[in-house]
file coords_33.pdb (PDB, C-alpha atoms)
MODEL        1
ATOM      1  CA  MET N  15      -5.300   3.354 -31.894
ATOM      2  CA  ARG N  16      -7.282   3.483 -28.635
ATOM      3  CA  LEU N  17      -4.157   4.384 -26.761
ATOM      4  CA  LEU N  18      -3.477   7.235 -29.184
ATOM      5  CA  SER N  19      -7.065   8.466 -28.872
ATOM      6  CA  LEU N  20      -6.864   8.291 -25.059
ATOM      7  CA  ALA N  21      -3.555  10.178 -25.065
ATOM      8  CA  PHE N  22      -5.058  12.866 -27.331
ATOM      9  CA  CYS N  23      -8.083  13.290 -25.004
ATOM     10  CA  LEU N  24      -5.776  13.494 -21.991
ATOM     11  CA  LEU N  25      -3.602  16.083 -23.728
ATOM     12  CA  LEU N  26      -6.671  18.110 -24.765
ATOM     13  CA  SER N  27      -8.105  18.079 -21.235
ATOM     14  CA  CYS N  28      -4.721  19.190 -19.799
ATOM     15  CA  CYS N  29      -4.552  22.041 -22.300
ATOM     16  CA  LEU N  30      -8.083  23.164 -21.464
ATOM     17  CA  ALA N  31      -7.417  22.950 -17.730
ATOM     18  CA  ALA N  32      -4.247  25.016 -18.090
ATOM     19  CA  GLN N  33      -5.909  27.601 -20.299
ATOM     20  CA  VAL N  34      -4.987  31.050 -19.068
ATOM     21  CA  GLU N  35      -7.875  33.300 -18.159
ATOM     22  CA  PRO N  36      -7.918  36.434 -20.316
ATOM     23  CA  LYS N  37      -6.472  39.582 -18.786
ATOM     24  CA  SER N  38      -9.032  41.505 -16.749
ATOM     25  CA  GLU N  39     -10.198  44.792 -18.206
ATOM     26  CA  TRP N  40      -9.472  46.321 -14.762
ATOM     27  CA  GLU N  41      -6.069  44.688 -14.303
ATOM     28  CA  GLY N  42      -3.249  47.123 -13.831
ATOM     29  CA  LEU N  43      -5.450  49.793 -12.261
ATOM     30  CA  THR N  44      -3.265  52.226 -10.370
ATOM     31  CA  ILE N  45      -3.766  55.516  -8.647
ATOM     32  CA  PRO N  46      -0.627  57.592  -8.387
ATOM     33  CA  PRO N  47       0.331  58.365  -4.779
ATOM     34  CA  ASP N  48       0.786  62.020  -5.645
ATOM     35  CA  ALA N  49      -2.673  62.352  -7.210
ATOM     36  CA  PRO N  50      -4.169  65.806  -6.601
ATOM     37  CA  SER N  51      -6.696  65.703  -3.790
ATOM     38  CA  GLN N  52      -9.329  67.664  -5.702
ATOM     39  CA  GLN N  53      -9.522  65.251  -8.640
ATOM     40  CA  PRO N  54     -12.255  62.580  -8.476
ATOM     41  CA  VAL N  55     -11.498  58.886  -8.755
ATOM     42  CA  ILE N  56     -12.352  57.674 -12.251
ATOM     43  CA  LEU N  57     -12.102  54.021 -13.238
ATOM     44  CA  HIS N  58     -11.931  53.265 -16.941
ATOM     45  CA  SER N  59     -12.418  49.898 -18.557
ATOM     46  CA  HIS N  60     -10.014  48.904 -21.309
ATOM     47  CA  SER N  61     -12.639  46.625 -22.845
ATOM     48  CA  SER N  62     -14.278  47.560 -26.120
ATOM     49  CA  LEU N  63     -17.425  45.746 -25.035
ATOM     50  CA  ASP N  64     -19.475  47.419 -22.351
ATOM     51  CA  THR N  65     -20.576  44.453 -20.261
ATOM     52  CA  GLY N  66     -21.790  46.499 -17.294
ATOM     53  CA  ASP N  67     -20.236  47.964 -14.207
ATOM     54  CA  PRO N  68     -18.587  45.888 -11.527
ATOM     55  CA  LEU N  69     -19.856  45.850  -7.959
ATOM     56  CA  TYR N  70     -18.134  48.630  -6.010
ATOM     57  CA  ILE N  71     -17.363  48.199  -2.298
ATOM     58  CA  ILE N  72     -16.026  51.183  -0.326
ATOM     59  CA  ASN N  73     -14.918  50.563   3.265
ATOM     60  CA  GLY N  74     -17.020  47.401   3.335
ATOM     61  CA  TYR N  75     -20.238  48.970   1.986
ATOM     62  CA  PRO N  76     -21.760  48.483  -1.465
ATOM     63  CA  ALA N  77     -21.446  51.706  -3.448
ATOM     64  CA  GLU N  78     -22.555  53.181  -6.730
ATOM     65  CA  LYS N  79     -20.206  54.345  -9.451
ATOM     66  CA  ALA N  80     -21.277  57.923  -8.633
ATOM     67  CA  ASP N  81     -19.907  57.465  -5.080
ATOM     68  CA  LEU N  82     -16.399  57.252  -6.541
ATOM     69  CA  GLN N  83     -16.626  60.957  -7.364
ATOM     70  CA  ASP N  84     -16.626  61.690  -3.622
ATOM     71  CA  LEU N  85     -13.374  59.871  -2.957
ATOM     72  CA  ASN N  86     -10.166  61.796  -2.598
ATOM     73  CA  PRO N  87      -7.483  59.703  -4.348
ATOM     74  CA  ALA N  88      -5.012  60.624  -1.604
ATOM     75  CA  SER N  89      -7.314  58.991   0.995
ATOM     76  CA  ILE N  90      -7.282  55.582  -0.733
ATOM     77  CA  GLU N  91      -5.232  52.944   1.060
ATOM     78  CA  SER N  92      -5.865  50.073  -1.338
ATOM     79  CA  ILE N  93      -7.891  48.915  -4.310
ATOM     80  CA  ASN N  94      -8.479  45.220  -4.927
ATOM     81  CA  VAL N  95     -10.113  43.736  -7.990
ATOM     82  CA  LEU N  96     -11.907  40.390  -7.792
ATOM     83  CA  LYS N  97     -13.276  38.563 -10.777
ATOM     84  CA  GLY N  98     -14.539  35.171 -11.728
ATOM     85  CA  GLU N  99     -15.020  32.542  -9.050
ATOM     86  CA  SER N 100     -13.544  34.558  -6.195
ATOM     87  CA  ALA N 101     -16.008  37.410  -6.848
ATOM     88  CA  LEU N 102     -18.879  34.942  -7.205
ATOM     89  CA  VAL N 103     -18.032  33.108  -3.972
ATOM     90  CA  LEU N 104     -17.668  36.300  -1.899
ATOM     91  CA  TYR N 105     -20.367  38.511  -3.438
ATOM     92  CA  GLY N 106     -22.774  36.159  -5.203
ATOM     93  CA  SER N 107     -24.130  36.681  -8.684
ATOM     94  CA  GLN N 108     -23.889  40.466  -8.394
ATOM     95  CA  GLY N 109     -20.111  40.238  -7.969
ATOM     96  CA  GLY N 110     -19.624  37.250 -10.234
ATOM     97  CA  LYS N 111     -21.258  38.879 -13.218
ATOM     98  CA  ASN N 112     -18.926  41.859 -13.725
ATOM     99  CA  GLY N 113     -16.387  41.512 -10.942
ATOM    100  CA  VAL N 114     -15.875  43.506  -7.753
ATOM    101  CA  ILE N 115     -13.735  46.559  -7.054
ATOM    102  CA  ILE N 116     -12.970  46.853  -3.342
ATOM    103  CA  ILE N 117     -11.698  50.229  -2.154
ATOM    104  CA  GLN N 118     -10.364  50.748   1.364
ATOM    105  CA  THR N 119      -9.606  54.266   2.550
ATOM    106  CA  LYS N 120      -6.828  55.173   4.990
ATOM    107  CA  ASP N 121      -9.219  56.596   7.574
ATOM    108  CA  ASP N 122     -12.935  56.935   7.972
ATOM    109  CA  ILE N 123     -14.002  59.443   5.393
ATOM    110  CA  THR N 124     -16.532  62.195   5.723
ATOM    111  CA  PRO N 125     -18.395  62.176   2.449
ATOM    112  CA  ARG N 126     -19.234  65.307   0.497
ATOM    113  CA  ALA N 127     -22.818  66.465   1.075
ATOM    114  CA  ASP N 128     -25.380  65.639  -1.601
ATOM    115  CA  TYR N 129     -26.271  69.306  -1.464
ATOM    116  CA  THR N 130     -25.452  72.307   0.696
ATOM    117  CA  LEU N 131     -27.615  75.303   1.473
ATOM    118  CA  THR N 132     -25.718  78.571   1.774
ATOM    119  CA  PRO N 133     -26.919  81.393   4.058
ATOM    120  CA  GLU N 134     -28.567  83.116   1.066
ATOM    121  CA  GLU N 135     -30.609  79.966   0.336
ATOM    122  CA  ILE N 136     -31.821  79.363   3.900
ATOM    123  CA  PRO N 137     -35.346  80.670   4.556
ATOM    124  CA  ALA N 138     -36.036  82.144   8.000
ATOM    125  CA  ASP N 139     -38.514  79.345   8.776
ATOM    126  CA  ILE N 140     -36.363  76.470   7.472
ATOM    127  CA  PHE N 141     -36.804  74.242  10.519
ATOM    128  CA  SER N 142     -40.567  74.777  10.617
ATOM    129  CA  LEU N 143     -40.610  73.728   6.969
ATOM    130  CA  TYR N 144     -38.606  70.602   7.830
ATOM    131  CA  GLU N 145     -41.155  69.792  10.526
ATOM    132  CA  THR N 146     -44.288  70.284   8.405
ATOM    133  CA  LYS N 147     -43.102  68.825   5.082
ATOM    134  CA  ASP N 148     -42.086  65.246   4.413
ATOM    135  CA  PHE N 149     -38.504  66.407   3.916
ATOM    136  CA  GLY N 150     -37.038  62.904   4.139
ATOM    137  CA  ALA N 151     -39.461  61.553   1.510
ATOM    138  CA  GLY N 152     -40.537  58.761   3.845
ATOM    139  CA  LYS N 153     -37.126  58.328   5.467
ATOM    140  CA  GLN N 154     -36.362  59.367   9.017
ATOM    141  CA  VAL N 155     -34.458  62.656   9.183
ATOM    142  CA  VAL N 156     -31.514  62.840  11.589
ATOM    143  CA  TYR N 157     -30.521  66.373  12.562
ATOM    144  CA  LEU N 158     -26.951  67.268  13.519
ATOM    145  CA  LEU N 159     -25.477  70.508  14.795
ATOM    146  CA  GLN N 160     -21.791  70.698  13.866
ATOM    147  CA  GLY N 161     -21.794  66.888  13.477
ATOM    148  CA  ASN N 162     -23.505  66.144  16.812
ATOM    149  CA  PRO N 163     -27.083  64.841  17.090
ATOM    150  CA  ILE N 164     -29.697  67.438  18.065
ATOM    151  CA  LYS N 165     -33.486  67.549  18.260
ATOM    152  CA  LEU N 166     -35.370  69.567  15.660
ATOM    153  CA  ARG N 167     -37.120  71.602  18.384
ATOM    154  CA  LYS N 168     -33.704  72.876  19.548
ATOM    155  CA  LEU N 169     -32.701  73.776  15.995
ATOM    156  CA  LYS N 170     -35.894  75.836  15.686
ATOM    157  CA  LYS N 171     -34.473  78.153  18.386
ATOM    158  CA  LEU N 172     -31.438  78.995  16.228
ATOM    159  CA  ALA N 173     -31.364  82.264  14.331
ATOM    160  CA  THR N 174     -30.794  81.511  10.664
ATOM    161  CA  THR N 175     -28.252  84.365  10.624
ATOM    162  CA  ASP N 176     -26.022  82.173  12.839
ATOM    163  CA  ILE N 177     -25.950  79.378  10.252
ATOM    164  CA  ALA N 178     -23.004  79.132   7.841
ATOM    165  CA  SER N 179     -24.503  76.230   5.875
ATOM    166  CA  ILE N 180     -26.811  73.231   6.000
ATOM    167  CA  LYS N 181     -25.395  70.028   4.519
ATOM    168  CA  VAL N 182     -27.761  67.256   3.472
ATOM    169  CA  TYR N 183     -26.718  63.633   2.959
ATOM    170  CA  GLU N 184     -29.231  61.380   1.211
ATOM    171  CA  ARG N 185     -27.360  58.709  -0.750
ATOM    172  CA  ALA N 186     -27.192  55.388   1.082
ATOM    173  CA  LEU N 187     -23.394  54.987   1.065
ATOM    174  CA  LYS N 188     -22.803  58.485   2.414
ATOM    175  CA  VAL N 189     -25.299  57.961   5.221
ATOM    176  CA  ARG N 190     -23.766  54.564   6.130
ATOM    177  CA  LEU N 191     -20.238  56.012   6.096
ATOM    178  CA  MET N 192     -21.445  58.575   8.635
ATOM    179  CA  GLY N 193     -22.646  55.742  10.877
ATOM    180  CA  TYR N 194     -26.376  55.928  10.215
ATOM    181  CA  SER N 195     -28.923  53.666   8.538
ATOM    182  CA  GLU N 196     -29.482  53.977   4.809
ATOM    183  CA  GLN N 197     -33.139  54.515   5.700
ATOM    184  CA  GLU N 198     -32.230  57.930   7.096
ATOM    185  CA  VAL N 199     -31.482  61.366   5.687
ATOM    186  CA  ILE N 200     -28.832  63.416   7.511
ATOM    187  CA  VAL N 201     -29.144  67.195   7.917
ATOM    188  CA  ASP N 202     -26.021  68.766   9.430
ATOM    189  CA  VAL N 203     -26.267  72.415  10.462
ATOM    190  CA  ILE N 204     -22.922  74.233  10.490
ATOM    191  CA  LEU N 205     -22.681  77.453  12.492
ATOM    192  CA  ARG N 206     -20.663  80.547  11.601
TER     193      ARG N 206
ENDMDL
END
call {"tool": "encode", "arguments": {"input": "coords_33.pdb", "output": "structure tokens"}}
result
Amino acid sequence: MRLLSLAFCLLLSCCLAAQVEPKSEWEGLTIPPDAPSQQPVILHSHSSLDTGDPLYIINGYPAEKADLQDLNPASIESINVLKGESALVLYGSQGGKNGVIIIQTKDDITPRADYTLTPEEIPADIFSLYETKDFGAGKQVVYLLQGNPIKLRKLKKLATTDIASIKVYERALKVRLMGYSEQEVIVDVILR
């Protein structure tokens, strides 16, 4: 009888050890290679229970779900999904809780600006306003002219009629992808 009981326990432990993990709600995620470049990346869960969003990593940086809207599907090289122990080991409790979606793009991407001022929206004294107001809301403001760093005093010499647009990048991922600290706000002035 003991032998039968021991065999049953052994069989039960083998069955539990071999138990197959349920299929991930993100498993099978694909992005067609011919996806239109203007369409945003949208990830849908197949789970009926909303257990929270996974941790998103884009080009090695933590991202928010909203950052996926800025990705061109044609620029995505790979998407990897981690869950369970592998997510927990690599990304701690944040990754272990709801899994991790790792997105690698083909090249460095230039993110879409958080907002863009058109010539009609640019006041004549825009750079004086930047200087006197706390435009960065406590963050350091980095000024660029056509993508190259420039001092605010030099921008003040520009005629606003020469400006095609002013692009502002505030979200942390966008700023990091441009090579700056997430404690900075980027203002890129584009000339006509």
call {"tool": "resolve_selection", "arguments": {"input": "coords_33.pdb", "expression": "the PyMOL selection byres ((chain N and resi 75) around 10)", "output": "VMD selection string"}}
result
chain N and resid 70 to 74 76 to 78 116 to 117 186 to 188 190 to 191
call {"tool": "write_last_selection", "arguments": {"input": "coords_33.pdb", "atoms": "C-alpha atoms", "output": "PDB file, in the frame of the given file"}}
result
ATOM      1  CA  TYR N  70     -18.134  48.630  -6.010  1.00  0.00           C
ATOM      2  CA  ILE N  71     -17.363  48.199  -2.298  1.00  0.00           C
ATOM      3  CA  ILE N  72     -16.026  51.183  -0.326  1.00  0.00           C
ATOM      4  CA  ASN N  73     -14.918  50.563   3.265  1.00  0.00           C
ATOM      5  CA  GLY N  74     -17.020  47.401   3.335  1.00  0.00           C
ATOM      6  CA  PRO N  76     -21.760  48.483  -1.465  1.00  0.00           C
ATOM      7  CA  ALA N  77     -21.446  51.706  -3.448  1.00  0.00           C
ATOM      8  CA  GLU N  78     -22.555  53.181  -6.730  1.00  0.00           C
ATOM      9  CA  ILE N 116     -12.970  46.853  -3.342  1.00  0.00           C
ATOM     10  CA  ILE N 117     -11.698  50.229  -2.154  1.00  0.00           C
ATOM     11  CA  ALA N 186     -27.192  55.388   1.082  1.00  0.00           C
ATOM     12  CA  LEU N 187     -23.394  54.987   1.065  1.00  0.00           C
ATOM     13  CA  LYS N 188     -22.803  58.485   2.414  1.00  0.00           C
ATOM     14  CA  ARG N 190     -23.766  54.564   6.130  1.00  0.00           C
ATOM     15  CA  LEU N 191     -20.238  56.012   6.096  1.00  0.00           C
TER      16      LEU N 191
END
call {"tool": "atom_distance", "arguments": {"input": "coords_33.pdb", "atom1": "atom CA of Ser179 of chain N", "atom2": "atom CA of Glu134 of chain N"}}
result
9.3 Å
call {"tool": "residues_around", "arguments": {"input": "coords_33.pdb", "residues": "Gly66 of chain N", "least_positions_apart": "6", "cutoff": "10 Å", "atoms": "only C-alpha atoms", "output": "list in words"}}
result
Lys111, Asn112 and Gly113 of chain N
call {"tool": "closest_residue", "arguments": {"input": "coords_33.pdb", "among": "N:Val189, N:Ala127, N:Pro137, N:Val201", "to": "Val155 of chain N", "atoms": "all atoms listed in the file"}}
result
N:Val201
call {"tool": "resolve_selection", "arguments": {"input": "coords_33.pdb", "expression": "the PyMOL selection byres ((chain N and resi 92-100) around 8)", "output": "list in words"}}
result
Ser38, Trp40, Glu41, Ile90, Glu91, Ala101, Leu102, Val103, Leu104, Gly109, Gly110, Lys111, Asn112, Gly113, Val114, Ile115, Ile116, Ile117, Gln118 and Thr119 of chain N
call {"tool": "write_last_selection", "arguments": {"input": "coords_33.pdb", "atoms": "C-alpha atoms", "output": "PDB file, keeping the file's coordinate frame"}}
result
ATOM      1  CA  SER N  38      -9.032  41.505 -16.749  1.00  0.00           C
ATOM      2  CA  TRP N  40      -9.472  46.321 -14.762  1.00  0.00           C
ATOM      3  CA  GLU N  41      -6.069  44.688 -14.303  1.00  0.00           C
ATOM      4  CA  ILE N  90      -7.282  55.582  -0.733  1.00  0.00           C
ATOM      5  CA  GLU N  91      -5.232  52.944   1.060  1.00  0.00           C
ATOM      6  CA  ALA N 101     -16.008  37.410  -6.848  1.00  0.00           C
ATOM      7  CA  LEU N 102     -18.879  34.942  -7.205  1.00  0.00           C
ATOM      8  CA  VAL N 103     -18.032  33.108  -3.972  1.00  0.00           C
ATOM      9  CA  LEU N 104     -17.668  36.300  -1.899  1.00  0.00           C
ATOM     10  CA  GLY N 109     -20.111  40.238  -7.969  1.00  0.00           C
ATOM     11  CA  GLY N 110     -19.624  37.250 -10.234  1.00  0.00           C
ATOM     12  CA  LYS N 111     -21.258  38.879 -13.218  1.00  0.00           C
ATOM     13  CA  ASN N 112     -18.926  41.859 -13.725  1.00  0.00           C
ATOM     14  CA  GLY N 113     -16.387  41.512 -10.942  1.00  0.00           C
ATOM     15  CA  VAL N 114     -15.875  43.506  -7.753  1.00  0.00           C
ATOM     16  CA  ILE N 115     -13.735  46.559  -7.054  1.00  0.00           C
ATOM     17  CA  ILE N 116     -12.970  46.853  -3.342  1.00  0.00           C
ATOM     18  CA  ILE N 117     -11.698  50.229  -2.154  1.00  0.00           C
ATOM     19  CA  GLN N 118     -10.364  50.748   1.364  1.00  0.00           C
ATOM     20  CA  THR N 119      -9.606  54.266   2.550  1.00  0.00           C
TER      21      THR N 119
END
call {"tool": "axis_aligned_box", "arguments": {"input": "coords_33.pdb", "around": "segment 133-141 of chain N", "padding_each_side": "5 Å", "output": "lines of an AutoDock Vina configuration file"}}
result
center_x = -32.7
center_y = 78.7
center_z = 5.4
size_x = 21.6
size_y = 18.9
size_z = 20.2
call {"tool": "closest_residue", "arguments": {"input": "coords_33.pdb", "among": "N:Ile123, N:Asp139, N:Leu69, N:Asp176", "to": "Pro87 of chain N", "atoms": "all atoms listed in the file"}}
result
N:Ile123
call {"tool": "closest_residue", "arguments": {"input": "coords_33.pdb", "among": "N:Leu169, N:Ala80, N:Leu131, N:Leu205", "to": "Val156 of chain N", "atoms": "only C-alpha atoms"}}
result
N:Leu169
call {"tool": "residues_around", "arguments": {"input": "coords_33.pdb", "residues": "Glu135 of chain N", "least_positions_apart": "6", "cutoff": "12 Å", "atoms": "only C-alpha atoms", "output": "list in words"}}
result
Tyr129, Thr174, Thr175, Ile177, Ala178, Ser179, Ile180 and Lys181 of chain N
call {"tool": "closest_residue", "arguments": {"input": "coords_33.pdb", "among": "N:Gly161, N:Tyr105, N:Lys147, N:Ile136", "to": "Gly193 of chain N", "atoms": "all atoms listed in the file"}}
result
N:Gly161
call {"tool": "atom_distance", "arguments": {"input": "coords_33.pdb", "atom1": "atom CA of Asp128 of chain N", "atom2": "atom CA of Lys171 of chain N"}}
result
25.3 Å
call {"tool": "atom_distance", "arguments": {"input": "coords_33.pdb", "atom1": "atom CA of Ile204 of chain N", "atom2": "atom CA of Leu85 of chain N"}}
result
21.9 Å
call {"tool": "closest_residue", "arguments": {"input": "coords_33.pdb", "among": "N:Val203, N:Gly106, N:Gln197, N:Asp148", "to": "Lys168 of chain N", "atoms": "all atoms listed in the file"}}
result
N:Val203
call {"tool": "build_atoms", "arguments": {"input": "coords_33.pdb", "residues": "segment 159-178 of chain N", "atoms": "N, CA and C atoms", "output": "short mmCIF file (atom, residue, chain, number, x, y, z; two decimals), in the frame of the given file"}}
result
data_model
loop_
_atom_site.label_atom_id
_atom_site.label_comp_id
_atom_site.auth_asym_id
_atom_site.auth_seq_id
_atom_site.Cartn_x
_atom_site.Cartn_y
_atom_site.Cartn_z
N LEU N 159 -25.99 69.15 14.67
CA LEU N 159 -25.48 70.51 14.80
C LEU N 159 -23.97 70.37 14.93
N GLN N 160 -23.24 70.83 13.90
CA GLN N 160 -21.79 70.70 13.87
C GLN N 160 -21.36 69.22 13.99
N GLY N 161 -22.14 68.30 13.45
CA GLY N 161 -21.79 66.89 13.48
C GLY N 161 -22.31 66.12 14.68
N ASN N 162 -22.98 66.80 15.61
CA ASN N 162 -23.50 66.14 16.81
C ASN N 162 -25.02 66.10 16.76
N PRO N 163 -25.62 64.97 17.14
CA PRO N 163 -27.08 64.84 17.09
C PRO N 163 -27.78 65.92 17.92
N ILE N 164 -28.91 66.41 17.39
CA ILE N 164 -29.70 67.44 18.07
C ILE N 164 -31.16 67.26 17.66
N LYS N 165 -32.05 67.63 18.54
CA LYS N 165 -33.49 67.55 18.26
C LYS N 165 -33.91 68.74 17.39
N LEU N 166 -34.88 68.52 16.54
CA LEU N 166 -35.37 69.57 15.66
C LEU N 166 -35.90 70.76 16.46
N ARG N 167 -36.56 70.50 17.58
CA ARG N 167 -37.12 71.60 18.38
C ARG N 167 -36.02 72.54 18.87
N LYS N 168 -34.82 72.02 19.13
CA LYS N 168 -33.70 72.88 19.55
C LYS N 168 -33.16 73.68 18.36
N LEU N 169 -33.15 73.06 17.18
CA LEU N 169 -32.70 73.78 16.00
C LEU N 169 -33.64 74.94 15.68
N LYS N 170 -34.92 74.78 15.96
CA LYS N 170 -35.89 75.84 15.69
C LYS N 170 -35.58 77.10 16.47
N LYS N 171 -34.82 76.98 17.56
CA LYS N 171 -34.47 78.15 18.39
C LYS N 171 -33.29 78.93 17.81
N LEU N 172 -32.59 78.34 16.84
CA LEU N 172 -31.44 79.00 16.23
C LEU N 172 -31.88 80.12 15.30
N ALA N 173 -31.14 81.20 15.31
CA ALA N 173 -31.36 82.26 14.33
C ALA N 173 -30.69 81.83 13.03
N THR N 174 -31.38 81.94 11.93
CA THR N 174 -30.79 81.51 10.66
C THR N 174 -29.57 82.35 10.30
N THR N 175 -29.44 83.53 10.88
CA THR N 175 -28.25 84.36 10.62
C THR N 175 -27.00 83.76 11.25
N ASP N 176 -27.16 82.84 12.20
CA ASP N 176 -26.02 82.17 12.84
C ASP N 176 -25.54 80.95 12.06
N ILE N 177 -26.26 80.60 11.01
CA ILE N 177 -25.95 79.38 10.25
C ILE N 177 -25.05 79.70 9.06
N ALA N 178 -23.93 78.98 8.98
CA ALA N 178 -23.00 79.13 7.84
C ALA N 178 -23.47 78.29 6.65
#
